[in-house]
Structure formats: C-alpha cells, structure tokens
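Data file: data.txt. Format and content: compact mmCIF, C-alpha atoms.
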```
# COMPACT_ATOMS: atom_id res chain seq x y z
CA MET A 109 156.66 -147.45 1.66
CA LYS A 110 154.21 -149.02 -0.83
CA GLN A 111 151.63 -146.31 -0.05
CA LEU A 112 154.23 -143.59 -0.58
CA GLY A 113 155.01 -145.05 -4.01
CA LEU A 114 151.28 -144.97 -4.89
CA LEU A 115 151.05 -141.32 -3.82
CA VAL A 116 154.02 -140.38 -5.95
CA THR A 117 152.63 -142.07 -9.08
CA MET A 118 149.19 -140.47 -8.62
CA GLN A 119 150.46 -136.86 -8.69
CA PRO A 120 150.86 -135.52 -12.22
CA SER A 121 154.46 -134.54 -12.79
CA VAL A 122 155.32 -131.01 -13.86
CA LYS A 123 156.07 -132.41 -17.29
CA GLU A 124 152.63 -134.02 -17.55
CA LYS A 125 150.90 -130.85 -16.34
CA ASN A 126 152.75 -128.81 -18.96
CA ALA A 127 151.90 -131.37 -21.62
CA ALA A 128 148.22 -130.60 -21.00
CA MET A 129 148.77 -126.89 -21.72
CA VAL A 130 147.96 -125.41 -25.10
CA GLU A 131 151.02 -124.91 -27.29
CA TRP A 132 151.48 -121.79 -29.38
CA THR A 133 154.05 -121.26 -32.11
CA GLU A 134 155.80 -117.89 -32.41
CA GLN A 135 153.80 -117.25 -35.54
CA GLU A 136 150.47 -117.95 -33.80
CA ARG A 137 151.39 -115.62 -30.96
CA SER A 138 152.24 -112.79 -33.31
CA ILE A 139 149.06 -113.34 -35.34
CA ILE A 140 146.96 -112.96 -32.19
CA THR A 141 148.86 -109.96 -30.83
CA ASN A 142 148.65 -108.29 -34.25
CA ILE A 143 144.90 -108.74 -34.54
CA PHE A 144 144.26 -107.35 -31.07
CA GLY A 145 146.90 -104.65 -31.43
CA ASN A 146 145.07 -103.18 -34.40
CA LEU A 147 141.54 -103.60 -33.11
CA ASP A 148 138.86 -100.93 -32.83
CA TYR A 149 137.34 -102.40 -29.66
CA GLU A 150 134.23 -100.25 -29.68
CA ASP A 151 133.40 -100.97 -33.29
CA VAL A 152 134.17 -104.70 -33.28
CA GLY A 153 132.85 -105.39 -29.79
CA SER A 154 129.47 -103.78 -30.39
CA LYS A 155 129.13 -105.36 -33.83
CA ALA A 156 129.99 -108.83 -32.56
CA LEU A 157 127.56 -108.77 -29.64
CA SER A 158 124.69 -107.23 -31.61
CA ARG A 159 125.23 -109.73 -34.43
CA CYS A 160 125.06 -112.56 -31.89
CA LEU A 161 121.76 -111.27 -30.48
CA ILE A 162 120.30 -110.96 -33.99
CA VAL A 163 121.57 -114.22 -35.49
CA TYR A 164 120.93 -116.28 -32.33
CA PRO A 165 117.98 -114.48 -30.75
CA TRP A 166 117.76 -116.82 -27.75
CA THR A 167 120.96 -115.22 -26.48
CA GLN A 168 118.85 -112.16 -25.71
CA ARG A 169 117.71 -113.98 -22.59
CA TYR A 170 120.76 -112.65 -20.77
CA PHE A 171 120.08 -109.04 -21.65
CA ALA A 172 116.51 -108.51 -20.48
CA SER A 173 117.53 -105.42 -18.52
CA PHE A 174 119.39 -103.80 -21.40
CA GLY A 175 116.44 -101.96 -22.92
CA ASN A 176 114.95 -102.18 -26.40
CA LEU A 177 115.92 -105.39 -28.24
CA TYR A 178 112.70 -105.72 -30.24
CA ASN A 179 114.25 -105.84 -33.68
CA ALA A 180 117.60 -105.79 -35.46
CA GLU A 181 117.68 -101.99 -35.75
CA ALA A 182 116.96 -101.55 -32.04
CA ILE A 183 119.69 -104.04 -31.13
CA LYS A 184 122.23 -102.43 -33.46
CA THR A 185 121.64 -98.97 -31.99
CA ASN A 186 121.26 -100.01 -28.34
CA PRO A 187 123.98 -98.18 -26.37
CA ASN A 188 123.96 -100.72 -23.52
CA ILE A 189 124.68 -103.54 -25.95
CA ALA A 190 127.43 -101.52 -27.60
CA ALA A 191 129.07 -100.79 -24.26
CA HIS A 192 128.80 -104.40 -23.18
CA GLY A 193 130.27 -105.67 -26.44
CA THR A 194 133.28 -103.41 -25.91
CA LYS A 195 133.65 -104.69 -22.36
CA VAL A 196 133.53 -108.34 -23.48
CA LEU A 197 136.14 -107.72 -26.16
CA HIS A 198 138.47 -106.07 -23.67
CA GLY A 199 137.98 -109.17 -21.54
CA LEU A 200 139.83 -111.07 -24.27
CA ASP A 201 142.91 -108.91 -23.64
CA ARG A 202 143.66 -110.99 -20.58
CA ALA A 203 143.95 -114.10 -22.71
CA VAL A 204 146.14 -112.30 -25.25
CA LYS A 205 148.51 -111.26 -22.45
CA ASN A 206 148.52 -114.73 -20.87
CA MET A 207 148.38 -117.11 -23.78
CA ASP A 208 150.30 -119.76 -21.90
CA ASN A 209 147.83 -119.84 -19.06
CA ILE A 210 144.40 -118.97 -20.37
CA LYS A 211 142.68 -121.59 -18.24
CA ALA A 212 143.91 -120.08 -14.96
CA THR A 213 143.47 -116.53 -16.23
CA TYR A 214 139.75 -117.10 -16.75
CA ALA A 215 139.02 -119.26 -13.72
CA GLU A 216 137.34 -116.40 -11.86
CA LEU A 217 135.41 -115.20 -14.92
CA SER A 218 134.26 -118.76 -15.51
CA VAL A 219 132.87 -118.95 -11.99
CA LEU A 220 131.17 -115.58 -12.53
CA HIS A 221 129.49 -116.72 -15.76
CA SER A 222 128.35 -119.92 -14.12
CA GLU A 223 127.35 -118.91 -10.61
CA LYS A 224 126.23 -115.33 -11.01
CA LEU A 225 125.31 -114.79 -14.66
CA HIS A 226 124.04 -118.35 -15.30
CA VAL A 227 125.11 -118.27 -18.94
CA ASP A 228 124.80 -121.55 -20.86
CA PRO A 229 128.39 -122.14 -22.02
CA ASP A 230 127.14 -123.08 -25.50
CA ASN A 231 126.60 -119.37 -25.97
CA PHE A 232 130.32 -118.65 -25.76
CA LYS A 233 130.80 -120.49 -29.03
CA LEU A 234 127.98 -118.53 -30.68
CA LEU A 235 129.57 -115.21 -29.72
CA ALA A 236 132.99 -116.49 -30.82
CA ASP A 237 131.58 -117.36 -34.26
CA CYS A 238 130.06 -113.89 -34.61
CA LEU A 239 133.35 -112.29 -33.57
CA THR A 240 135.15 -114.34 -36.23
CA ILE A 241 132.72 -113.08 -38.86
CA VAL A 242 133.04 -109.44 -37.78
CA ILE A 243 136.85 -109.66 -37.82
CA ALA A 244 136.69 -111.34 -41.25
CA ALA A 245 134.58 -108.46 -42.58
CA LYS A 246 137.05 -105.95 -41.14
CA LEU A 247 140.26 -107.58 -42.35
CA GLY A 248 138.93 -108.79 -45.71
CA SER A 249 141.21 -111.10 -47.64
CA ALA A 250 143.99 -110.31 -45.15
CA PHE A 251 142.07 -112.73 -42.91
CA SER A 252 143.74 -115.66 -44.63
CA PRO A 253 142.83 -119.32 -43.96
CA GLU A 254 145.94 -119.59 -41.79
CA ILE A 255 145.07 -116.53 -39.74
CA GLN A 256 141.48 -117.76 -39.44
CA ALA A 257 142.79 -121.08 -38.10
CA THR A 258 144.93 -119.34 -35.46
CA PHE A 259 142.14 -116.95 -34.46
CA GLN A 260 139.61 -119.77 -34.12
CA LYS A 261 142.12 -121.83 -32.11
CA PHE A 262 142.58 -118.88 -29.75
CA LEU A 263 138.81 -118.42 -29.34
CA ALA A 264 138.32 -122.16 -28.79
CA VAL A 265 140.82 -122.07 -25.91
CA VAL A 266 139.08 -119.02 -24.42
CA VAL A 267 135.66 -120.67 -24.76
CA SER A 268 136.94 -123.83 -23.11
CA ALA A 269 138.47 -121.86 -20.22
CA LEU A 270 135.26 -119.92 -19.65
CA GLY A 271 133.29 -123.14 -19.40
CA ARG A 272 135.86 -124.89 -17.22
CA GLN A 273 134.55 -123.99 -13.75
CA TYR A 274 130.93 -124.91 -14.39
CA HIS A 275 129.62 -127.73 -12.27
CA MET B 170 111.84 -129.64 -45.15
CA THR B 171 110.21 -126.23 -44.88
CA PHE B 172 112.59 -123.37 -44.52
CA GLY B 173 111.90 -120.01 -42.92
CA SER B 174 109.36 -117.31 -43.54
CA ALA B 175 108.53 -115.62 -46.82
CA LYS B 176 110.83 -112.80 -45.71
CA ASP B 177 113.71 -115.22 -45.07
CA LYS B 178 113.36 -116.66 -48.59
CA GLU B 179 113.24 -113.16 -50.05
CA VAL B 180 116.44 -112.18 -48.25
CA VAL B 181 118.25 -115.36 -49.35
CA LYS B 182 117.18 -115.04 -52.98
CA ALA B 183 118.08 -111.34 -53.09
CA PHE B 184 121.51 -111.96 -51.62
CA TRP B 185 122.03 -114.89 -53.97
CA THR B 186 121.74 -112.61 -57.00
CA LYS B 187 124.72 -110.64 -55.62
CA LEU B 188 126.57 -113.83 -54.77
CA ALA B 189 125.95 -115.79 -57.98
CA PRO B 190 128.63 -114.10 -60.15
CA LYS B 191 131.25 -114.79 -57.45
CA ALA B 192 129.96 -118.20 -56.44
CA ASP B 193 132.93 -120.19 -57.76
CA ASP B 194 135.46 -118.06 -55.90
CA VAL B 195 133.38 -118.15 -52.74
CA GLY B 196 133.17 -121.94 -52.96
CA ALA B 197 136.91 -122.34 -53.50
CA ASP B 198 137.77 -120.02 -50.61
CA ALA B 199 135.25 -121.63 -48.25
CA LEU B 200 136.60 -125.08 -49.02
CA SER B 201 140.21 -123.90 -48.61
CA ARG B 202 139.37 -122.49 -45.21
CA MET B 203 137.51 -125.61 -44.14
CA LEU B 204 140.54 -127.78 -44.95
CA ALA B 205 142.94 -125.36 -43.22
CA VAL B 206 140.91 -124.57 -40.11
CA TYR B 207 139.35 -128.02 -39.57
CA PRO B 208 142.06 -130.45 -40.66
CA GLN B 209 139.90 -133.47 -39.88
CA THR B 210 137.87 -132.62 -43.01
CA LYS B 211 140.91 -133.47 -45.12
CA THR B 212 140.16 -137.14 -44.49
CA TYR B 213 137.48 -136.98 -47.20
CA PHE B 214 139.94 -135.80 -49.81
CA ALA B 215 142.89 -138.12 -49.30
CA HIS B 216 142.65 -138.95 -53.00
CA TRP B 217 143.49 -135.38 -54.06
CA LYS B 218 147.06 -134.56 -54.99
CA ASP B 219 146.95 -131.03 -53.59
CA LEU B 220 144.91 -129.90 -50.59
CA SER B 221 146.48 -126.47 -50.24
CA PRO B 222 144.30 -123.34 -50.32
CA GLY B 223 143.35 -122.42 -53.88
CA SER B 224 144.73 -125.58 -55.48
CA ALA B 225 143.16 -126.92 -58.67
CA PRO B 226 141.14 -129.74 -57.06
CA VAL B 227 139.96 -127.35 -54.33
CA LYS B 228 138.83 -124.78 -56.93
CA LYS B 229 137.04 -127.40 -58.98
CA HIS B 230 135.27 -128.84 -55.98
CA GLY B 231 134.32 -125.42 -54.62
CA LYS B 232 132.53 -124.80 -57.91
CA THR B 233 130.70 -128.13 -57.61
CA VAL B 234 129.58 -127.39 -54.06
CA MET B 235 128.30 -123.91 -54.92
CA GLY B 236 126.45 -125.41 -57.87
CA GLY B 237 124.60 -127.47 -55.28
CA VAL B 238 123.86 -124.38 -53.20
CA ALA B 239 122.56 -122.58 -56.29
CA ASP B 240 120.32 -125.55 -56.98
CA ALA B 241 119.02 -125.37 -53.41
CA VAL B 242 118.20 -121.66 -53.75
CA GLY B 243 116.09 -122.55 -56.76
CA LYS B 244 114.29 -125.24 -54.75
CA ILE B 245 113.95 -123.19 -51.60
CA ASP B 246 110.24 -123.94 -51.28
CA ASP B 247 110.87 -127.66 -50.80
CA LEU B 248 114.46 -128.45 -50.02
CA THR B 249 113.85 -132.07 -49.00
CA ALA B 250 112.24 -133.01 -52.31
CA GLY B 251 114.59 -130.82 -54.31
CA LEU B 252 117.77 -132.27 -52.80
CA LEU B 253 116.72 -135.92 -52.75
CA ASP B 254 119.36 -137.06 -55.24
CA LEU B 255 122.11 -135.09 -53.56
CA SER B 256 121.07 -136.52 -50.22
CA GLU B 257 121.32 -140.06 -51.56
CA LEU B 258 124.74 -139.27 -53.01
CA HIS B 259 126.04 -137.98 -49.69
CA ALA B 260 124.39 -140.77 -47.70
CA PHE B 261 125.32 -143.83 -49.70
CA THR B 262 128.27 -142.93 -51.88
CA LEU B 263 130.17 -140.12 -50.19
CA ARG B 264 129.14 -140.96 -46.63
CA VAL B 265 130.15 -137.58 -45.29
CA ASP B 266 129.44 -137.24 -41.57
CA PRO B 267 126.68 -134.60 -41.44
CA ALA B 268 128.53 -132.73 -38.69
CA ASN B 269 130.75 -131.47 -41.48
CA PHE B 270 127.87 -129.65 -43.19
CA LYS B 271 127.87 -127.23 -40.27
CA ILE B 272 131.60 -126.74 -40.60
CA LEU B 273 131.43 -125.95 -44.31
CA SER B 274 128.42 -123.65 -43.75
CA HIS B 275 130.41 -121.67 -41.19
CA ASN B 276 133.26 -121.21 -43.63
CA ILE B 277 130.88 -120.11 -46.39
CA LEU B 278 129.56 -117.44 -44.01
CA VAL B 279 133.11 -116.28 -43.16
CA VAL B 280 133.89 -115.87 -46.87
CA LEU B 281 130.64 -113.96 -47.41
CA ALA B 282 131.69 -111.56 -44.63
CA ILE B 283 135.01 -111.05 -46.41
CA VAL B 284 133.59 -110.62 -49.92
CA PHE B 285 130.52 -108.61 -48.91
CA PRO B 286 131.54 -106.71 -45.75
CA ASN B 287 128.68 -104.22 -46.11
CA GLU B 288 125.94 -106.37 -47.57
CA PHE B 289 126.43 -109.33 -45.21
CA THR B 290 124.49 -107.60 -42.45
CA PRO B 291 123.26 -109.42 -39.32
CA GLU B 292 119.81 -109.68 -40.97
CA VAL B 293 121.27 -111.33 -44.07
CA HIS B 294 123.50 -113.48 -41.86
CA VAL B 295 120.60 -114.95 -39.88
CA ALA B 296 118.57 -115.73 -43.01
CA LEU B 297 121.53 -117.42 -44.67
CA ASP B 298 122.48 -119.31 -41.53
CA LYS B 299 118.91 -120.65 -41.36
CA PHE B 300 118.99 -121.52 -45.06
CA LEU B 301 122.29 -123.38 -44.87
CA GLY B 302 120.99 -125.21 -41.80
CA ALA B 303 117.85 -126.30 -43.66
CA LEU B 304 119.97 -127.27 -46.68
CA SER B 305 122.18 -129.38 -44.42
CA ARG B 306 119.18 -131.12 -42.85
CA ALA B 307 117.74 -131.86 -46.30
CA LEU B 308 121.11 -133.28 -47.34
CA ALA B 309 121.12 -135.57 -44.30
CA GLU B 310 117.55 -136.82 -44.91
CA LYS B 311 118.48 -140.08 -46.61
CA TYR B 312 121.24 -141.10 -44.21
CA ARG B 313 119.12 -143.37 -42.06
```

Reformat the file's structure so that it appears as structure tokens.
Amino acid sequence: MKQLGLLVTMQPSVKEKNAAMVEWTEQERSIITNIFGNLDYEDVGSKALSRCLIVYPWTQRYFASFGNLYNAEAIKTNPNIAAHGTKVLHGLDRAVKNMDNIKATYAELSVLHSEKLHVDPDNFKLLADCLTIVIAAKLGSAFSPEIQATFQKFLAVVVSALGRQYH
Amino acid sequence: MTFGSAKDKEVVKAFWTKLAPKADDVGADALSRMLAVYPQTKTYFAHWKDLSPGSAPVKKHGKTVMGGVADAVGKIDDLTAGLLDLSELHAFTLRVDPANFKILSHNILVVLAIVFPNEFTPEVHVALDKFLGALSRALAEKYR
C-alpha cells in the first residue's frame, strides 16, 4: 500500500502537466494568426534565411550542397536558399495551428534536426532573430512593442520545442 | 578593442550619417521595446515614474543612450580606450549585467529595420551587429 502511494505521488497530475504548458491570451493568439495570415511566405522566408546566412556566416555550414554562397549577392539570389526559406517558414504554420501543443507538434522535427541534420540548436535562435527583423521591416511601425513581444514569445516557444528532443 | 575591417567601419559610419538625424527617436523606440519585450530589464529603472513605451523618462534615456552610440562611432578605431569612462560608469555605478547589452543591441537593430526597411540590408545588418557587439565588449571592459 505504501509503494502504491509513492507511485501515485510520483506521476504528475493532469493539472501539473497543464501548468507546464505555455499560456496564450486571446490577444496573443490573434496577433500570431494575423501575422501569419498576411504573410508573403516566399518573400519573408527567403529574406529571413539569406539574412541569417549573411549576418551569421557560420550557419552556412548546413548548406554546403546548396550552390554558390560566396558572397551576400550570391546568397540573396540563390534559388535553393529562397526555396528552403519558404519551406522553413511554412514549417511554422504547424505551430500557429497548434499553439497549445507546440512541444508535441515539433517532436518529430526536433528529432530530425538533431539526428539527421545535426543542426546546433543555437542556430534556431539566430534564424528567429533574423525573422523578427525581416517581419519588422515589412510591418514597419505596425510592429509595435507589444506585437514584437508576442512574436518573440511565439518564436521562443518554437525554438525551445525544436531543441527539446536533442540528447 | 579592435573592431572589424576597414569595410565594416565604412559601412557603419555611412549608415550612421543616415541614422544620426533620427537617433533620438530610434533610441526611445529601442528602449521602449526592450522594456516591453524583456520585462526583466525594467529592474534597472524602478526609480522611473513611467516605464510605458514612449514615456518622458524613456525618451530622455533613449537620447542619452544614442549619444553614447554616436560617441562610439566617432571612436570606432579604438573603442576600448574611447569608452573607458562609460565602462567605468556601467561597471561601478550602474552595475548593469552585461547580458543586457545584447538585449538592447537587438532592439536597436529591430528599430533600424522598421525605420530603414530598404537601407538596413543584410550587409549593413552584419556590420552593425559586429559594431554593437564590439561596443558592448568595450563597455564591459572595466567590470572585473
């Protein structure tokens, strides 16, 4: 009976599990859905990835097979990078559609980035920062401090989820 | 602290001439964003009456901060020597955790993207990011 009691106390209750989940207000949810609802994925995706490769050149290590990355111009006009940036941005759609369960949503992608792609998870933050800057340039002053806070919170949760399955 | 190549310095100085007339607004906006997006930074300003975006103390302080950045642009060839006094101020009087320099730098870059969507190209971005990093390191020189 004592052992049973121990077992019961060791399992996290549903309440405790939910307490660990990220909380979103209605306003935060609508800010995120609005940003992604009005996004030009090809433009923003390619700009964000190419900016990342230019501003943080060591990130180019993951794109050795993508062709000419010799200088900023080459990176900006590289069609493989553009296509990949679009793909990555669409990958964020999953998080937008599952904001209450981003960790589980990205479990498989996290394993992929760790086991197959061998991406240092620090890089996720670098790309997230570049995406923030590209969105800021697009939205201008409409990208208010409050919206910036929500957007960065969203990206931080995504970044954390993508790094979760590394071991 | 040596910063960047001759080209990097050229890019920073050229961009600064565009930025200078708007420096006060950029400073105020960057500070507002820092306080809103990274609430832990508010702990350094508990003595202000109003920490909301665009408030009077925020505007005033944004101007002060950008004055420091302007100073650094002028001393770009030797940031460590040039920012000695400011480093001592931050180290011994203000005692700002240097991790926050990175946070403020990020918010300055976000504002630059907003104010200069076309001129803040990736090439300008990398030069400025390097510059702000070197500035931050020079500011942290006297800490210990």

When you look at segment 170-182 of chain A with a cut-off of 12 Å (counting only C-alpha atoms), what residues show up, excluding the ones that are within fewer than 5 positions of it in the same chain? I need them as a PyMOL selection string.
(chain A and resi 155+157-165+187-193+221+224-228+231) or (chain B and resi 290-295)

For the residues selected in the previous step, produce a file with C-alpha atoms as a short mmCIF file (atom, residue, chain, number, x, y, z; two decimals), keeping the file's coordinate frame.
```cif
data_model
loop_
_atom_site.label_atom_id
_atom_site.label_comp_id
_atom_site.auth_asym_id
_atom_site.auth_seq_id
_atom_site.Cartn_x
_atom_site.Cartn_y
_atom_site.Cartn_z
CA LYS A 155 129.13 -105.36 -33.83
CA LEU A 157 127.56 -108.77 -29.64
CA SER A 158 124.69 -107.23 -31.61
CA ARG A 159 125.23 -109.73 -34.43
CA CYS A 160 125.06 -112.56 -31.89
CA LEU A 161 121.76 -111.27 -30.48
CA ILE A 162 120.30 -110.96 -33.99
CA VAL A 163 121.57 -114.22 -35.49
CA TYR A 164 120.93 -116.28 -32.33
CA PRO A 165 117.98 -114.48 -30.75
CA PRO A 187 123.98 -98.18 -26.37
CA ASN A 188 123.96 -100.72 -23.52
CA ILE A 189 124.68 -103.54 -25.95
CA ALA A 190 127.43 -101.52 -27.60
CA ALA A 191 129.07 -100.79 -24.26
CA HIS A 192 128.80 -104.40 -23.18
CA GLY A 193 130.27 -105.67 -26.44
CA HIS A 221 129.49 -116.72 -15.76
CA LYS A 224 126.23 -115.33 -11.01
CA LEU A 225 125.31 -114.79 -14.66
CA HIS A 226 124.04 -118.35 -15.30
CA VAL A 227 125.11 -118.27 -18.94
CA ASP A 228 124.80 -121.55 -20.86
CA ASN A 231 126.60 -119.37 -25.97
CA THR B 290 124.49 -107.60 -42.45
CA PRO B 291 123.26 -109.42 -39.32
CA GLU B 292 119.81 -109.68 -40.97
CA VAL B 293 121.27 -111.33 -44.07
CA HIS B 294 123.50 -113.48 -41.86
CA VAL B 295 120.60 -114.95 -39.88
#
```

Got a sec to pull out which chain A residues are within 6 Å of chain B, counting all atoms listed in the file, and send them as a PyMOL selection string?
chain A and resi 159+163+241+244-245+248+253+257

Using only C-alpha atoms, pick whichever of A:Thr167, A:Leu197, A:Cys238, A:Val266 has the shortest atom-to-atom distance to Gly153 of chain A.
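For Gly153 of chain A, the nearest of the candidates is A:Leu197.
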
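Within 8 Å of segment 132-135 of chain A there are Val130, Arg137, Ser138, Ile139, Met207 and Asp208 of chain A, counting only C-alpha atoms and ignoring same-chain residues fewer than 2 positions away.
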
As a VMD selection string, please: the residues near segment 231-240 of chain B (cut-off 10 Å, all atoms listed in the file, same-chain neighbours under 3 positions excluded).
chain B and resid 182 185 188 to 189 191 to 201 223 225 to 228 243 to 245 248 251 to 252 255 277 300 to 301 304

Go through A:Thr240, A:Asn209, A:Leu217, A:Phe232 and flag the residue nearest Thr258 of chain A, using only C-alpha atoms for the distances.
A:Thr240

What is the distance between atom CA of Thr185 of chain A and atom CA of Val152 of chain A, in Å to one decimal?
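Answer for the atom CA of Thr185 of chain A to atom CA of Val152 of chain A separation: 13.8 Å.
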
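Across A:Ile255, A:Asp237, A:Pro229, A:Leu247, the tightest approach to Ile272 of chain B is made by A:Asp237 when counting only C-alpha atoms.
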
Point-to-point distance from atom CA of Leu235 of chain A to atom CA of Phe262 of chain A, Å rounded to tenths
13.5 Å

In file coordinates, which residues lie within 10 Å of (135.1, -123.7, -8.6) using all atoms listed in the file, given as a list in words?
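Every residue inside that radius is included here: Ala215, Glu216, Ser218, Val219, Leu220, Ser222, Glu223, Arg272, Gln273, Tyr274 and His275 of chain A.
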
Rounded to one decimal in Å, what is the spacing between atom CA of Ala264 of chain A and atom CA of His230 of chain B?
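Atom CA of His230 of chain B lies at a distance of 28.2 Å from atom CA of Ala264 of chain A.
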
Edge lengths and centre in Å, axis-aligned, segment 204-220 of chain B plus 4 Å each side, as AutoDock Vina command-line options:
```
--center_x 142.3 --center_y -131.8 --center_z -47.3 --size_x 17.6 --size_y 22.4 --size_z 23.4
```

Between B:Thr186, B:Ser274, B:Thr212, B:Ser224, which one has atoms that come closest to Gly302 of chain B, using only C-alpha atoms?
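Smallest distance to Gly302 of chain B is found for B:Ser274.
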